[in-house]
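See below for the structure under consideration.
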Amino acid sequence: MQLTPPLATPPALLEGDGARIGAPRAAAPGVLVRYPELLRFTAEVLTGRGLPAARATTAAEALCYGDLTGLTSHGLVNLTRLYLPLLDEGRADPAAEPEPLADRGAAVLLDDRRALGLWSASAAMDLAIERATAHGIGLVSVRGATHLGCAGFHTRRAARRGLVGLLAANCGRQRIARPPGGRLAMLGTNPLSVAAPSGGPHPFVLDMSTTAVPTGRVRAAARAGQQIPPGWLADQDGAPVTDPGAFDRGEAHLLWLGSRPETGAFKGYGLGLVVEVLGALLAGAGLGPEPAALAGDGGPAGRDDDIGYLALAIDPGALRDGADFGRQAAVLFGTLLDCPPVDPAHPVTYPGHPEGELADRQLREGVRLSPARFAELTDLAQATGLTAPKPIGGTP
């Protein structure tokens with residue numbers, strides 16, 4: 001018996017899937033722009049909002065990473081919707097200097113003091129890498145943070161250095177998801193990322209929300225006028241909702257990874273709590289589940305201020321021969337790539353590999369932006385007096 005309606009739109013066509021679902025995307029409508037052009041423009045916009053040049057470059061790389069790797073729901077779409085408002089409203093401080101509150105060598109506690117997370121999360125990961133190089137492990141716990149974009153961008157820095165990286169971030173006091181069986185939102189999407197060398201050109205990079213999808217994926221589908229699969233949203237009675245606009249209308253709530261208790265929702269919920277403990281409780285940051293949450297009405301509540309996150313780096317060479325670790329990593333991930341696929345058109349892969357392949361192609365051929373996104377950047381250029389990114393081949 002069929003318990004849920006069939007997908008109205010094939011999953012491969014949903015905006016934001018990017019490289020994760022191996023459907024050809026070259027025919028998608030859009031404007032091709034050279035990556036250096038996107039990076040230049042984004043950094044100039046952020047510099048104009050007060051970020052020092054080096055920070056603006058790192059933040060621009062973190063934001064453009066979403067479009068470069070196909071994770072468009074976390075890319076440049078958020079420049080005007082999320083990051084510029086954070087800066088303009090004073091919720092993020094472009095010149096903030098993270099303050100060390102405790103330093104134990106291998107473990108550090110920082111107050112980010114509302115620094116822009118696109119930059120500061122990479123700085124925290126770099127500090128964790130530095131301490132891991134000295135001690136074998138580096139743990140940087142952070143409070144007072146702001147939205148940090150694609151967590152995988154930051155953990156990938158460790159993998160590129162031959163280390164294992166982990167980043168776990170809560171959503172501050174923003175409450176989006178309900179505990180299984182609960183009527184009130186208590187937790188955020190609570191992303192988790194782990195990255196490691198693969199022995200090949202593309203590192204292993206797991207970057208996931210602990211909810212079924214992040215809110216950005218839901219809103220991307222709503223903007224595109226697409227339906228979503230059952231299992232992302234549910235109404236007040238727990239019935240599946242396939243209209244993504246229902247989320248912002250307050251008619252549906254976000255489900256955990258696993259969607260329903262009988263299909264593993266408690267695992268997603270449990271992972272969300274793991275992130276809350278590692279990211280926020282350890283650092284003393286804002287918590288989702290605190291008494292104020294009990295005054296909610298069931299819909300999303302609170303703001304993603306005072307985010308807490310953990311940046312962890314592990315140096316395998318401190319425990320075993322580093323070259324042997326690299327050889328074994330090549331066996332692990334190479335064997336996965338060699339696994340015979342069910343459908344030859346969709347070979348077996350691992351997290352980070354399809355994104356890396358797409359990034360390589362877009363670095364050569366240009367990053368494909370939707371017409372709406374390109375127009376948005378052009379309008380922003382006019383408003384700020386900057387030179388808009390130039391499309392490949394001239395005006396679209």
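Each chain in the structure tokens gets a letter, A, B and so on, in the order shown; residues start at 1 in every chain, and ligands are counted from 1 in the order they appear.
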Wanna dump the region 112-223 of chain A-region 305-324 of chain A contacts at 6 Å for me, each residue with its shortest atom pair and the distance in Å to one decimal, counting only C-alpha atoms, ordered by chain and number, as CSV?
residue,atom,partner,partner_atom,distance
A:Met125,CA,A:Ala311,CA,5.4
A:Ala128,CA,A:Ala313,CA,5.4
A:Ile129,CA,A:Ala313,CA,5.4
A:Ala132,CA,A:Asp315,CA,5.8
A:Gly136,CA,A:Ala318,CA,5.0
A:Ile137,CA,A:Ile314,CA,4.6
A:Gly138,CA,A:Ala313,CA,5.1
A:Leu139,CA,A:Leu312,CA,4.6
A:Val140,CA,A:Ala311,CA,5.1
A:Ser141,CA,A:Leu310,CA,4.6
A:Val142,CA,A:Tyr309,CA,5.3
A:Arg143,CA,A:Gly308,CA,4.6
A:Gly144,CA,A:Asp306,CA,4.1
A:Ala145,CA,A:Ile307,CA,4.7
A:Thr146,CA,A:Ile307,CA,5.7
A:Leu163,CA,A:Asp315,CA,4.9
A:Val164,CA,A:Ile314,CA,5.1
A:Gly165,CA,A:Ala313,CA,4.5
A:Leu166,CA,A:Leu312,CA,5.0
A:Leu167,CA,A:Ala311,CA,4.7
A:Ala168,CA,A:Leu310,CA,5.3
A:Ala169,CA,A:Tyr309,CA,4.0
A:Asn170,CA,A:Gly308,CA,5.7
A:Cys171,CA,A:Ile307,CA,5.4
A:Gly172,CA,A:Ile307,CA,3.9
Tell me, which residues of region 162-361 of chain A carry DSSP alpha helix (DSSP H), written as a PyMOL selection string? chain A and resi 215-223+245-248+265-275+322-337+353-361
Output C-alpha atoms of each residue in that selection to a file, as a PDB file, in the first residue's frame.
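Below is the file again.pdb, written as the result:
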ATOM      1  CA  THR A 215      15.571  25.541   5.298  1.00  0.00           C
ATOM      2  CA  GLY A 216      17.494  26.963   2.345  1.00  0.00           C
ATOM      3  CA  ARG A 217      16.541  23.939   0.242  1.00  0.00           C
ATOM      4  CA  VAL A 218      12.862  24.406   1.077  1.00  0.00           C
ATOM      5  CA  ARG A 219      12.949  28.094   0.197  1.00  0.00           C
ATOM      6  CA  ALA A 220      14.898  27.446  -2.995  1.00  0.00           C
ATOM      7  CA  ALA A 221      12.156  25.097  -4.159  1.00  0.00           C
ATOM      8  CA  ALA A 222       9.518  27.696  -3.245  1.00  0.00           C
ATOM      9  CA  ARG A 223      11.287  30.383  -5.274  1.00  0.00           C
ATOM     10  CA  GLY A 245       5.707  27.673   0.555  1.00  0.00           C
ATOM     11  CA  ALA A 246       3.778  26.140   3.441  1.00  0.00           C
ATOM     12  CA  PHE A 247       6.892  26.424   5.629  1.00  0.00           C
ATOM     13  CA  ASP A 248       7.108  30.226   5.577  1.00  0.00           C
ATOM     14  CA  ALA A 265      13.631  10.421  12.779  1.00  0.00           C
ATOM     15  CA  PHE A 266      15.001   9.779  16.266  1.00  0.00           C
ATOM     16  CA  LYS A 267      18.431   9.325  14.702  1.00  0.00           C
ATOM     17  CA  GLY A 268      18.277  12.734  13.039  1.00  0.00           C
ATOM     18  CA  TYR A 269      16.935  14.253  16.249  1.00  0.00           C
ATOM     19  CA  GLY A 270      19.710  12.574  18.217  1.00  0.00           C
ATOM     20  CA  LEU A 271      22.347  13.918  15.827  1.00  0.00           C
ATOM     21  CA  GLY A 272      20.804  17.372  16.190  1.00  0.00           C
ATOM     22  CA  LEU A 273      21.250  17.102  19.950  1.00  0.00           C
ATOM     23  CA  VAL A 274      24.844  15.902  19.488  1.00  0.00           C
ATOM     24  CA  VAL A 275      25.519  19.093  17.548  1.00  0.00           C
ATOM     25  CA  GLY A 322      50.984   9.666   7.738  1.00  0.00           C
ATOM     26  CA  ALA A 323      51.916   8.230   4.358  1.00  0.00           C
ATOM     27  CA  ASP A 324      50.352   4.889   5.300  1.00  0.00           C
ATOM     28  CA  PHE A 325      47.181   6.721   6.334  1.00  0.00           C
ATOM     29  CA  GLY A 326      47.083   8.335   2.899  1.00  0.00           C
ATOM     30  CA  ARG A 327      47.542   4.995   1.145  1.00  0.00           C
ATOM     31  CA  GLN A 328      44.761   3.391   3.175  1.00  0.00           C
ATOM     32  CA  ALA A 329      42.473   6.371   2.521  1.00  0.00           C
ATOM     33  CA  ALA A 330      43.066   5.865  -1.207  1.00  0.00           C
ATOM     34  CA  VAL A 331      42.030   2.215  -0.824  1.00  0.00           C
ATOM     35  CA  LEU A 332      38.902   3.123   1.148  1.00  0.00           C
ATOM     36  CA  PHE A 333      37.547   5.778  -1.185  1.00  0.00           C
ATOM     37  CA  GLY A 334      38.942   4.254  -4.371  1.00  0.00           C
ATOM     38  CA  THR A 335      37.123   0.997  -3.640  1.00  0.00           C
ATOM     39  CA  LEU A 336      33.871   2.905  -3.248  1.00  0.00           C
ATOM     40  CA  LEU A 337      34.368   4.549  -6.641  1.00  0.00           C
ATOM     41  CA  HIS A 353      33.529  13.714  -4.931  1.00  0.00           C
ATOM     42  CA  PRO A 354      30.645  14.902  -7.163  1.00  0.00           C
ATOM     43  CA  GLU A 355      30.972  18.391  -5.695  1.00  0.00           C
ATOM     44  CA  GLY A 356      34.675  18.346  -6.483  1.00  0.00           C
ATOM     45  CA  GLU A 357      34.039  17.173 -10.047  1.00  0.00           C
ATOM     46  CA  LEU A 358      31.473  19.916 -10.604  1.00  0.00           C
ATOM     47  CA  ALA A 359      33.771  22.540  -9.090  1.00  0.00           C
ATOM     48  CA  ASP A 360      36.605  21.515 -11.408  1.00  0.00           C
ATOM     49  CA  ARG A 361      34.316  21.778 -14.420  1.00  0.00           C
TER      50      ARG A 361
END
Please compute the CA of Phe374 (chain A)-CA of Gly30 (chain A) distance, one decimal, in Å. 8.2 Å
Name all residues at most 8 Å from Val205 (chain A) (count only C-alpha atoms; drop same-chain ones fewer than 6 positions away) and give them as a PDB file with all heavy atoms, in the first residue's frame.
ATOM      1  N   GLY A 152      31.036  22.514   5.070  1.00  0.00           N
ATOM      2  CA  GLY A 152      32.055  21.751   4.364  1.00  0.00           C
ATOM      3  C   GLY A 152      33.173  22.600   3.802  1.00  0.00           C
ATOM      4  O   GLY A 152      34.296  22.101   3.618  1.00  0.00           O
ATOM      5  N   THR A 155      35.623  22.655   6.878  1.00  0.00           N
ATOM      6  CA  THR A 155      36.299  21.396   7.205  1.00  0.00           C
ATOM      7  C   THR A 155      37.231  20.947   6.078  1.00  0.00           C
ATOM      8  O   THR A 155      38.245  20.287   6.325  1.00  0.00           O
ATOM      9  CB  THR A 155      35.273  20.291   7.491  1.00  0.00           C
ATOM     10  OG1 THR A 155      34.409  20.131   6.357  1.00  0.00           O
ATOM     11  CG2 THR A 155      34.448  20.606   8.721  1.00  0.00           C
ATOM     12  N   ARG A 156      36.903  21.311   4.853  1.00  0.00           N
ATOM     13  CA  ARG A 156      37.736  20.953   3.708  1.00  0.00           C
ATOM     14  C   ARG A 156      39.147  21.526   3.836  1.00  0.00           C
ATOM     15  O   ARG A 156      40.108  20.963   3.309  1.00  0.00           O
ATOM     16  CB  ARG A 156      37.053  21.464   2.431  1.00  0.00           C
ATOM     17  CG  ARG A 156      37.650  21.012   1.119  1.00  0.00           C
ATOM     18  CD  ARG A 156      36.746  21.482  -0.011  1.00  0.00           C
ATOM     19  NE  ARG A 156      37.268  21.129  -1.319  1.00  0.00           N
ATOM     20  CZ  ARG A 156      38.076  21.903  -2.030  1.00  0.00           C
ATOM     21  NH1 ARG A 156      38.450  23.076  -1.541  1.00  0.00           N
ATOM     22  NH2 ARG A 156      38.514  21.514  -3.205  1.00  0.00           N
ATOM     23  N   SER A 193      29.596  18.717   9.722  1.00  0.00           N
ATOM     24  CA  SER A 193      30.479  18.395   8.596  1.00  0.00           C
ATOM     25  C   SER A 193      31.718  17.665   9.089  1.00  0.00           C
ATOM     26  O   SER A 193      32.275  18.007  10.139  1.00  0.00           O
ATOM     27  CB  SER A 193      30.894  19.671   7.852  1.00  0.00           C
ATOM     28  OG  SER A 193      31.790  19.371   6.805  1.00  0.00           O
ATOM     29  N   VAL A 194      32.132  16.670   8.327  1.00  0.00           N
ATOM     30  CA  VAL A 194      33.397  15.960   8.557  1.00  0.00           C
ATOM     31  C   VAL A 194      34.103  15.861   7.218  1.00  0.00           C
ATOM     32  O   VAL A 194      33.486  15.528   6.202  1.00  0.00           O
ATOM     33  CB  VAL A 194      33.171  14.544   9.136  1.00  0.00           C
ATOM     34  CG1 VAL A 194      34.511  13.825   9.310  1.00  0.00           C
ATOM     35  CG2 VAL A 194      32.426  14.611  10.460  1.00  0.00           C
ATOM     36  N   ALA A 195      35.387  16.163   7.206  1.00  0.00           N
ATOM     37  CA  ALA A 195      36.177  16.071   5.981  1.00  0.00           C
ATOM     38  C   ALA A 195      37.473  15.316   6.266  1.00  0.00           C
ATOM     39  O   ALA A 195      38.007  15.383   7.378  1.00  0.00           O
ATOM     40  CB  ALA A 195      36.492  17.462   5.424  1.00  0.00           C
ATOM     41  N   ALA A 196      37.959  14.606   5.253  1.00  0.00           N
ATOM     42  CA  ALA A 196      39.178  13.825   5.404  1.00  0.00           C
ATOM     43  C   ALA A 196      39.847  13.660   4.047  1.00  0.00           C
ATOM     44  O   ALA A 196      39.170  13.676   3.008  1.00  0.00           O
ATOM     45  CB  ALA A 196      38.868  12.443   6.001  1.00  0.00           C
ATOM     46  N   PRO A 351      30.533  11.435  -0.500  1.00  0.00           N
ATOM     47  CA  PRO A 351      30.346  12.870  -0.272  1.00  0.00           C
ATOM     48  C   PRO A 351      31.636  13.656  -0.526  1.00  0.00           C
ATOM     49  O   PRO A 351      32.694  13.320   0.007  1.00  0.00           O
ATOM     50  CB  PRO A 351      29.940  12.943   1.206  1.00  0.00           C
ATOM     51  CG  PRO A 351      29.300  11.623   1.480  1.00  0.00           C
ATOM     52  CD  PRO A 351      30.084  10.634   0.663  1.00  0.00           C
ATOM     53  N   GLY A 352      31.520  14.673  -1.325  1.00  0.00           N
ATOM     54  CA  GLY A 352      32.670  15.497  -1.680  1.00  0.00           C
ATOM     55  C   GLY A 352      33.183  15.249  -3.077  1.00  0.00           C
ATOM     56  O   GLY A 352      33.740  16.152  -3.713  1.00  0.00           O
ATOM     57  N   HIS A 353      33.008  14.028  -3.596  1.00  0.00           N
ATOM     58  CA  HIS A 353      33.529  13.714  -4.931  1.00  0.00           C
ATOM     59  C   HIS A 353      32.729  14.376  -6.043  1.00  0.00           C
ATOM     60  O   HIS A 353      33.312  15.057  -6.904  1.00  0.00           O
ATOM     61  CB  HIS A 353      33.585  12.199  -5.128  1.00  0.00           C
ATOM     62  CG  HIS A 353      34.284  11.798  -6.391  1.00  0.00           C
ATOM     63  ND1 HIS A 353      33.637  11.713  -7.609  1.00  0.00           N
ATOM     64  CD2 HIS A 353      35.577  11.473  -6.640  1.00  0.00           C
ATOM     65  CE1 HIS A 353      34.481  11.349  -8.535  1.00  0.00           C
ATOM     66  NE2 HIS A 353      35.675  11.195  -7.977  1.00  0.00           N
TER      67      HIS A 353
END
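Assigned to strand (DSSP E) in region 111-150 of chain A, given DSSP computed from backbone atoms, are A:Asp111, A:Ile137, A:Gly138, A:Leu139, A:Val140, A:Ser141, A:Val142, A:Arg143, A:Gly144, A:Ala145.
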Please write the residues from the selection above to a file, keeping N, CA and C atoms, as an mmCIF file, in the first residue's frame.
data_model
loop_
_atom_site.group_PDB
_atom_site.id
_atom_site.type_symbol
_atom_site.label_atom_id
_atom_site.label_comp_id
_atom_site.auth_asym_id
_atom_site.auth_seq_id
_atom_site.Cartn_x
_atom_site.Cartn_y
_atom_site.Cartn_z
ATOM 1 N N ASP A 111 35.342 33.610 22.099
ATOM 2 C CA ASP A 111 34.127 34.388 21.901
ATOM 3 C C ASP A 111 34.286 35.097 20.564
ATOM 4 N N ILE A 137 45.979 16.943 17.995
ATOM 5 C CA ILE A 137 44.563 17.282 17.939
ATOM 6 C C ILE A 137 44.403 18.748 18.303
ATOM 7 N N GLY A 138 43.470 19.414 17.640
ATOM 8 C CA GLY A 138 43.182 20.802 17.948
ATOM 9 C C GLY A 138 41.687 20.989 18.047
ATOM 10 N N LEU A 139 41.221 21.519 19.169
ATOM 11 C CA LEU A 139 39.797 21.702 19.423
ATOM 12 C C LEU A 139 39.555 23.177 19.704
ATOM 13 N N VAL A 140 38.722 23.806 18.886
ATOM 14 C CA VAL A 140 38.386 25.211 19.077
ATOM 15 C C VAL A 140 36.876 25.310 19.254
ATOM 16 N N SER A 141 36.462 25.694 20.453
ATOM 17 C CA SER A 141 35.049 25.836 20.787
ATOM 18 C C SER A 141 34.711 27.324 20.756
ATOM 19 N N VAL A 142 33.594 27.668 20.093
ATOM 20 C CA VAL A 142 33.300 29.076 19.797
ATOM 21 C C VAL A 142 31.880 29.433 20.228
ATOM 22 N N ARG A 143 31.752 30.559 20.896
ATOM 23 C CA ARG A 143 30.452 31.137 21.221
ATOM 24 C C ARG A 143 30.343 32.516 20.556
ATOM 25 N N GLY A 144 29.147 33.090 20.574
ATOM 26 C CA GLY A 144 28.974 34.438 20.039
ATOM 27 C C GLY A 144 29.189 34.532 18.546
ATOM 28 N N ALA A 145 28.865 33.468 17.812
ATOM 29 C CA ALA A 145 29.142 33.419 16.375
ATOM 30 C C ALA A 145 27.908 33.795 15.564
#
If we count only C-alpha atoms, what is near Gly385 (chain A) at a cut-off of 12 Å, once residues fewer than 3 positions away on the same chain are taken out, given as an MDAnalysis selection string? chainID A and resid 41 44:45 48 377:382 388
Preceding selection exported with N, CA, C and O atoms as a PDB file, in the first residue's frame:
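Writing done, so here's selection_27.pdb:
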ATOM      1  N   PHE A  41      33.758  40.258  -7.214  1.00  0.00           N
ATOM      2  CA  PHE A  41      32.588  41.073  -6.921  1.00  0.00           C
ATOM      3  C   PHE A  41      32.104  40.854  -5.493  1.00  0.00           C
ATOM      4  O   PHE A  41      31.819  41.815  -4.756  1.00  0.00           O
ATOM      5  N   GLU A  44      34.336  42.504  -3.009  1.00  0.00           N
ATOM      6  CA  GLU A  44      34.177  43.964  -3.038  1.00  0.00           C
ATOM      7  C   GLU A  44      32.920  44.399  -2.298  1.00  0.00           C
ATOM      8  O   GLU A  44      32.923  45.414  -1.582  1.00  0.00           O
ATOM      9  N   VAL A  45      31.839  43.645  -2.458  1.00  0.00           N
ATOM     10  CA  VAL A  45      30.603  43.964  -1.733  1.00  0.00           C
ATOM     11  C   VAL A  45      30.844  43.890  -0.229  1.00  0.00           C
ATOM     12  O   VAL A  45      30.433  44.783   0.531  1.00  0.00           O
ATOM     13  N   GLY A  48      32.955  46.665   1.069  1.00  0.00           N
ATOM     14  CA  GLY A  48      32.151  47.871   1.176  1.00  0.00           C
ATOM     15  C   GLY A  48      31.306  47.908   2.432  1.00  0.00           C
ATOM     16  O   GLY A  48      30.854  48.991   2.856  1.00  0.00           O
ATOM     17  N   LEU A 377      22.562  40.062  -8.705  1.00  0.00           N
ATOM     18  CA  LEU A 377      23.917  40.571  -8.538  1.00  0.00           C
ATOM     19  C   LEU A 377      24.128  41.847  -9.345  1.00  0.00           C
ATOM     20  O   LEU A 377      24.822  42.775  -8.906  1.00  0.00           O
ATOM     21  N   THR A 378      23.533  41.899 -10.525  1.00  0.00           N
ATOM     22  CA  THR A 378      23.639  43.101 -11.354  1.00  0.00           C
ATOM     23  C   THR A 378      22.973  44.292 -10.663  1.00  0.00           C
ATOM     24  O   THR A 378      23.521  45.406 -10.647  1.00  0.00           O
ATOM     25  N   ASP A 379      21.802  44.071 -10.084  1.00  0.00           N
ATOM     26  CA  ASP A 379      21.117  45.127  -9.345  1.00  0.00           C
ATOM     27  C   ASP A 379      21.952  45.579  -8.141  1.00  0.00           C
ATOM     28  O   ASP A 379      22.020  46.783  -7.830  1.00  0.00           O
ATOM     29  N   LEU A 380      22.571  44.628  -7.464  1.00  0.00           N
ATOM     30  CA  LEU A 380      23.406  44.963  -6.312  1.00  0.00           C
ATOM     31  C   LEU A 380      24.606  45.794  -6.747  1.00  0.00           C
ATOM     32  O   LEU A 380      24.998  46.749  -6.051  1.00  0.00           O
ATOM     33  N   ALA A 381      25.180  45.464  -7.889  1.00  0.00           N
ATOM     34  CA  ALA A 381      26.307  46.238  -8.405  1.00  0.00           C
ATOM     35  C   ALA A 381      25.899  47.687  -8.671  1.00  0.00           C
ATOM     36  O   ALA A 381      26.616  48.632  -8.331  1.00  0.00           O
ATOM     37  N   GLN A 382      24.741  47.861  -9.257  1.00  0.00           N
ATOM     38  CA  GLN A 382      24.259  49.215  -9.535  1.00  0.00           C
ATOM     39  C   GLN A 382      24.003  49.981  -8.247  1.00  0.00           C
ATOM     40  O   GLN A 382      24.289  51.182  -8.151  1.00  0.00           O
ATOM     41  N   ALA A 388      29.619  44.915 -12.015  1.00  0.00           N
ATOM     42  CA  ALA A 388      28.955  43.608 -11.922  1.00  0.00           C
ATOM     43  C   ALA A 388      29.812  42.514 -12.533  1.00  0.00           C
ATOM     44  O   ALA A 388      30.656  42.787 -13.395  1.00  0.00           O
TER      45      ALA A 388
END
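Nearest to Ala62 (chain A) of all the residues A:Ala151, A:Leu110, A:Leu32, A:Ala134 is A:Ala151, based on only C-alpha atoms.
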Work out how far apart CA of Glu251 (chain A) and CA of Ala177 (chain A) are and give it in Å to one decimal. 13.5 Å
Hey, can you check how far CA of Gly50 (chain A) sits from CA of Glu99 (chain A)?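 It comes out at 19.3 Å.
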Which neighbours of Glu37 (chain A) fall inside 12 Å, counting only C-alpha atoms, when residues of the same chain fewer than 2 positions from it are skipped, and could you give them as a PyMOL selection string? chain A and resi 32-35+39-44+60-61+64+363+366-367+377+387-392
